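To keep things clear, I will list the structure first and then write my remarks on it.
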Amino acid sequence: MSSAWIVVLIVGAATVALKATGPVLLGGRPLPESLSGVVALLAPVLLAALVVTQTVGGDRELVLDARLAGVGAGAVAIAARAPLPVVVVLAAAATAVVRLLA
Amino acid sequence: MRSAVAVAATVWFFGASFGLVARAAGMGAVAPFVMSATTFAGSAQFAASSILGTSGSAVAAIAAAVLLNARYAPISISVAPLFRGPRLRRMLESQLIVDESWALASRGDGRFDRRILLGAGLLLYASWVSGTAVGVLAGDVLGDPKDLGLDGAFPALFLALLVPQLRTTRAAVVALAGAAIALALIPVTAPGVPIVAASAACLLGLGRRR
């Protein structure tokens, strides 16, 4: 078997298991009281971490590039209460324009 | 749902880009397609194919991809109560969890909408897999999604979905702590680790009720 197939099969199996962690182990019933306070905070924490890693994340380095302009434009659109599709399109356009000029 | 369509279009382009990159990395035509259908997680797939393409070892590619997807443990725990029924059904439905479907389904009070999670997840899955197929076959016609600035669209999407989550002081403090942990770890750890480490910030909520 080629190494590509080994990677595809092992990563696929691992990801299926990771995505199933919560629903299989904890699904089908309400969360224990002590855990629900923690889980309620998972959304803001993980979203904040995703914003940071997708804006300046690189391979073991901080990368400051046109994505910053996209997030900046997105932030302005969010502050102006623009609908979500508008935020996404404006962010992509700002990123593309800054990358073209840089 | 209009948001889901905009995001799905972006995801489709990245799927096509993955198909192209994976084929160029010597993965053949079928393996990238199978990877999109089973792994369904962009960053891990790009990392694995680029390591394979630069003659890295299979072990390195697997380690990088699994680390990048480790965040799906805390992410899937956050939506666990939405999944009901037999274990097999919960396992199958959980495969529709992906960053974007999860983020779109968040209602801003720590809870999630099951219909949006599964509906957007299905749409994104179809986009990702069909995009990959087109990319493998004809990806060089489409060009680089970065030229369209699509890599700047994802962090803006997550920011837009983060803002309504910050209604309580505790949520804002914990989000800031998570962002700081991620920022501090990006230069010193493998990609994927910063997000998982940041999720530890939510332990500040232990034993407290909102």
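Ligands are numbered from 1 in the order shown, residues from 1 within each chain, and chains are lettered A, B, ... in the order they appear in the structure tokens.
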Mind dumping a table of every chain B residue within 6 Å of chain A, with the nearest atom pair and its distance in Å to one decimal, using only C-alpha atoms, sorted by chain and rising number, as a Markdown table?
| residue | atom | partner | partner_atom | distance |
| --- | --- | --- | --- | --- |
| B:Ser3 | CA | A:Pro85 | CA | 5.0 |
| B:Ala6 | CA | A:Pro85 | CA | 5.8 |
| B:Met27 | CA | A:Ala4 | CA | 5.5 |
| B:Met35 | CA | A:Val8 | CA | 5.4 |
| B:Thr38 | CA | A:Gly12 | CA | 5.2 |
| B:Thr39 | CA | A:Gly12 | CA | 4.5 |
| B:Ala58 | CA | A:Ser3 | CA | 5.7 |
| B:Ile62 | CA | A:Val7 | CA | 5.8 |
| B:Tyr72 | CA | A:Lys19 | CA | 5.2 |
| B:Ala73 | CA | A:Leu18 | CA | 5.1 |
| B:Ser76 | CA | A:Gly22 | CA | 4.7 |
| B:Ile77 | CA | A:Gly22 | CA | 3.8 |
| B:Ser78 | CA | A:Val39 | CA | 5.4 |
| B:Ala80 | CA | A:Pro23 | CA | 4.4 |
| B:Pro81 | CA | A:Gly27 | CA | 5.1 |
| B:Phe83 | CA | A:Gly27 | CA | 5.1 |
| B:Arg84 | CA | A:Gly28 | CA | 4.1 |
| B:Arg87 | CA | A:Val24 | CA | 5.9 |
| B:Arg90 | CA | A:Pro23 | CA | 5.8 |
| B:Met91 | CA | A:Ala20 | CA | 5.3 |
| B:Ser94 | CA | A:Ala20 | CA | 5.4 |
| B:Gly110 | CA | A:Ala40 | CA | 4.3 |
| B:Asp147 | CA | A:Ala96 | CA | 5.8 |
| B:Leu148 | CA | A:Ala96 | CA | 5.2 |
| B:Gly149 | CA | A:Ala96 | CA | 4.0 |
| B:Leu150 | CA | A:Ala92 | CA | 5.0 |
| B:Gly152 | CA | A:Arg67 | CA | 4.4 |
| B:Ala153 | CA | A:Ala92 | CA | 4.8 |
| B:Pro155 | CA | A:Val51 | CA | 4.7 |
| B:Ala156 | CA | A:Val71 | CA | 4.8 |
| B:Leu157 | CA | A:Val88 | CA | 5.9 |
| B:Phe158 | CA | A:Val51 | CA | 5.8 |
| B:Leu159 | CA | A:Val51 | CA | 6.0 |
| B:Leu162 | CA | A:Leu47 | CA | 5.8 |
| B:Gln165 | CA | A:Pro44 | CA | 5.8 |
| B:Ala175 | CA | A:Val45 | CA | 4.4 |
| B:Gly178 | CA | A:Val45 | CA | 5.2 |
| B:Ala179 | CA | A:Ala49 | CA | 4.8 |
| B:Ala182 | CA | A:Ala49 | CA | 5.7 |
| B:Ile186 | CA | A:Arg60 | CA | 5.6 |
| B:Pro187 | CA | A:Glu61 | CA | 4.1 |
| B:Val188 | CA | A:Arg60 | CA | 5.7 |
| B:Thr189 | CA | A:Arg60 | CA | 5.9 |
| B:Ala190 | CA | A:Arg60 | CA | 5.9 |
| B:Ile195 | CA | A:Ala49 | CA | 5.5 |
| B:Ser199 | CA | A:Val45 | CA | 5.9 |
| B:Cys202 | CA | A:Leu41 | CA | 5.3 |
| B:Leu203 | CA | A:Val38 | CA | 5.6 |
| B:Gly205 | CA | A:Val38 | CA | 4.7 |
| B:Leu206 | CA | A:Val38 | CA | 5.5 |
| B:Gly207 | CA | A:Ser34 | CA | 5.4 |
| B:Arg209 | CA | A:Gly37 | CA | 5.9 |
Open item on the list: For the structure I just gave you, how does DSSP split region 7-157 of chain B - specifically, which residues are helix (DSSP H, G or I)? Reply as a ChimeraX atom specification.
Closed with: /B:7-24,30-38,42-53,58-69,72-78,80-82,87-94,99-105,114-141,145-148,150-157
Export C-alpha atoms of the chosen residues as a compact mmCIF listing (two decimals), in the first residue's frame?
# COMPACT_ATOMS: atom_id res chain seq x y z
CA VAL B 7 -19.62 29.57 3.28
CA ALA B 8 -20.29 26.46 1.19
CA ALA B 9 -19.16 28.28 -1.97
CA THR B 10 -15.90 29.23 -0.25
CA VAL B 11 -15.44 25.69 1.01
CA TRP B 12 -16.05 24.35 -2.50
CA PHE B 13 -13.12 26.38 -3.85
CA PHE B 14 -10.87 25.10 -1.08
CA GLY B 15 -12.01 21.55 -1.83
CA ALA B 16 -11.01 22.06 -5.46
CA SER B 17 -7.71 23.52 -4.32
CA PHE B 18 -7.12 20.50 -2.07
CA GLY B 19 -7.83 18.13 -4.97
CA LEU B 20 -5.28 19.94 -7.11
CA VAL B 21 -2.61 20.14 -4.39
CA ALA B 22 -3.10 16.51 -3.36
CA ARG B 23 -2.82 15.28 -6.93
CA ALA B 24 0.34 17.37 -7.44
CA VAL B 30 -8.79 8.43 -5.74
CA ALA B 31 -7.01 8.88 -2.39
CA PRO B 32 -7.69 12.67 -2.16
CA PHE B 33 -11.38 12.02 -2.86
CA VAL B 34 -11.57 9.30 -0.20
CA MET B 35 -9.74 11.59 2.23
CA SER B 36 -12.27 14.39 1.71
CA ALA B 37 -15.15 11.95 2.16
CA THR B 38 -13.78 10.47 5.40
CA GLY B 42 -9.56 21.21 5.40
CA SER B 43 -6.49 22.23 7.37
CA ALA B 44 -5.52 18.66 8.30
CA GLN B 45 -5.91 17.47 4.71
CA PHE B 46 -3.79 20.31 3.33
CA ALA B 47 -1.11 19.66 5.95
CA ALA B 48 -1.00 15.93 5.26
CA SER B 49 -0.82 16.33 1.48
CA SER B 50 1.86 19.02 1.63
CA ILE B 51 4.03 16.86 3.91
CA LEU B 52 3.59 13.89 1.54
CA GLY B 53 4.38 16.15 -1.43
CA ALA B 58 3.77 9.11 6.35
CA VAL B 59 4.26 9.26 10.13
CA ALA B 60 4.92 13.03 10.00
CA ALA B 61 1.86 13.57 7.79
CA ILE B 62 -0.35 11.53 10.13
CA ALA B 63 0.95 13.28 13.26
CA ALA B 64 0.40 16.76 11.79
CA ALA B 65 -3.11 15.96 10.57
CA VAL B 66 -4.23 14.26 13.79
CA LEU B 67 -2.89 17.15 15.89
CA LEU B 68 -4.75 19.62 13.68
CA ASN B 69 -7.96 17.65 14.14
CA TYR B 72 -12.70 18.11 17.25
CA ALA B 73 -12.66 16.40 20.64
CA PRO B 74 -13.62 19.60 22.53
CA ILE B 75 -15.74 20.86 19.61
CA SER B 76 -17.78 17.65 19.51
CA ILE B 77 -18.18 17.68 23.30
CA SER B 78 -19.68 21.19 23.08
CA ALA B 80 -22.90 16.42 22.42
CA PRO B 81 -26.41 17.02 23.85
CA LEU B 82 -27.78 17.59 20.31
CA ARG B 87 -24.87 5.02 19.14
CA LEU B 88 -24.28 4.26 15.43
CA ARG B 89 -26.61 7.04 14.38
CA ARG B 90 -24.88 9.52 16.72
CA MET B 91 -21.53 8.44 15.31
CA LEU B 92 -22.65 8.94 11.69
CA GLU B 93 -24.33 12.30 12.36
CA SER B 94 -21.26 13.52 14.24
CA ASP B 99 -15.53 24.12 12.08
CA GLU B 100 -17.94 26.07 9.89
CA SER B 101 -21.11 24.00 10.51
CA TRP B 102 -20.37 24.08 14.23
CA ALA B 103 -19.78 27.85 14.22
CA LEU B 104 -22.91 28.58 12.17
CA ALA B 105 -24.99 26.46 14.55
CA ARG B 114 -29.22 20.86 15.76
CA ARG B 115 -30.95 21.58 12.43
CA ILE B 116 -28.34 24.15 11.40
CA LEU B 117 -25.46 21.94 12.51
CA LEU B 118 -26.65 18.97 10.45
CA GLY B 119 -28.13 20.99 7.55
CA ALA B 120 -25.08 23.21 7.08
CA GLY B 121 -22.85 20.19 7.72
CA LEU B 122 -24.49 18.24 4.90
CA LEU B 123 -24.23 21.21 2.52
CA LEU B 124 -20.57 21.77 3.40
CA TYR B 125 -19.81 18.06 3.09
CA ALA B 126 -21.30 18.01 -0.43
CA SER B 127 -19.31 21.15 -1.32
CA TRP B 128 -16.05 19.81 0.05
CA VAL B 129 -16.29 16.39 -1.60
CA SER B 130 -17.55 17.67 -4.97
CA GLY B 131 -14.95 20.46 -4.91
CA THR B 132 -12.23 17.89 -4.30
CA ALA B 133 -13.45 15.78 -7.23
CA VAL B 134 -13.36 18.77 -9.58
CA GLY B 135 -9.95 19.81 -8.24
CA VAL B 136 -8.47 16.37 -8.83
CA LEU B 137 -9.77 16.29 -12.39
CA ALA B 138 -9.48 19.90 -13.51
CA GLY B 139 -8.11 21.96 -10.61
CA ASP B 140 -5.58 23.87 -12.66
CA VAL B 141 -8.42 25.67 -14.47
CA PRO B 145 -8.39 30.40 -3.81
CA LYS B 146 -5.92 32.75 -2.11
CA ASP B 147 -6.07 35.00 -5.19
CA LEU B 148 -9.76 35.44 -4.37
CA LEU B 150 -10.87 33.25 0.48
CA ASP B 151 -8.36 32.48 3.25
CA GLY B 152 -9.29 35.84 4.79
CA ALA B 153 -12.99 34.96 4.77
CA PHE B 154 -12.77 32.15 7.37
CA PRO B 155 -11.33 34.16 10.30
CA ALA B 156 -13.88 36.93 9.59
CA LEU B 157 -16.67 34.32 9.66
Task: Best match for closeness to Pro164 (chain B) among B:Asp109, B:Ser55, B:Gln95, B:Arg2, counting only C-alpha atoms - done: B:Asp109
- [ ] Grab the CA of Ala197 (chain B) to CA of Leu96 (chain B) distance for me, in Å with one decimal place.
- [x]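 Answer for the CA of Ala197 (chain B) to CA of Leu96 (chain B) separation: 23.5 Å.
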Open item on the list: I'd like the interatomic distance between CA of Phe40 (chain B) and CA of Val98 (chain B), to a tenth of an Å.
Closed with: 7.4 Å
Open item on the list: Report, in Å to a single decimal, how far apart CA of Arg107 (chain B) and CA of Ala200 (chain B) are.
Closed with: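 Separation of CA of Ala200 (chain B) and CA of Arg107 (chain B): 21.4 Å.
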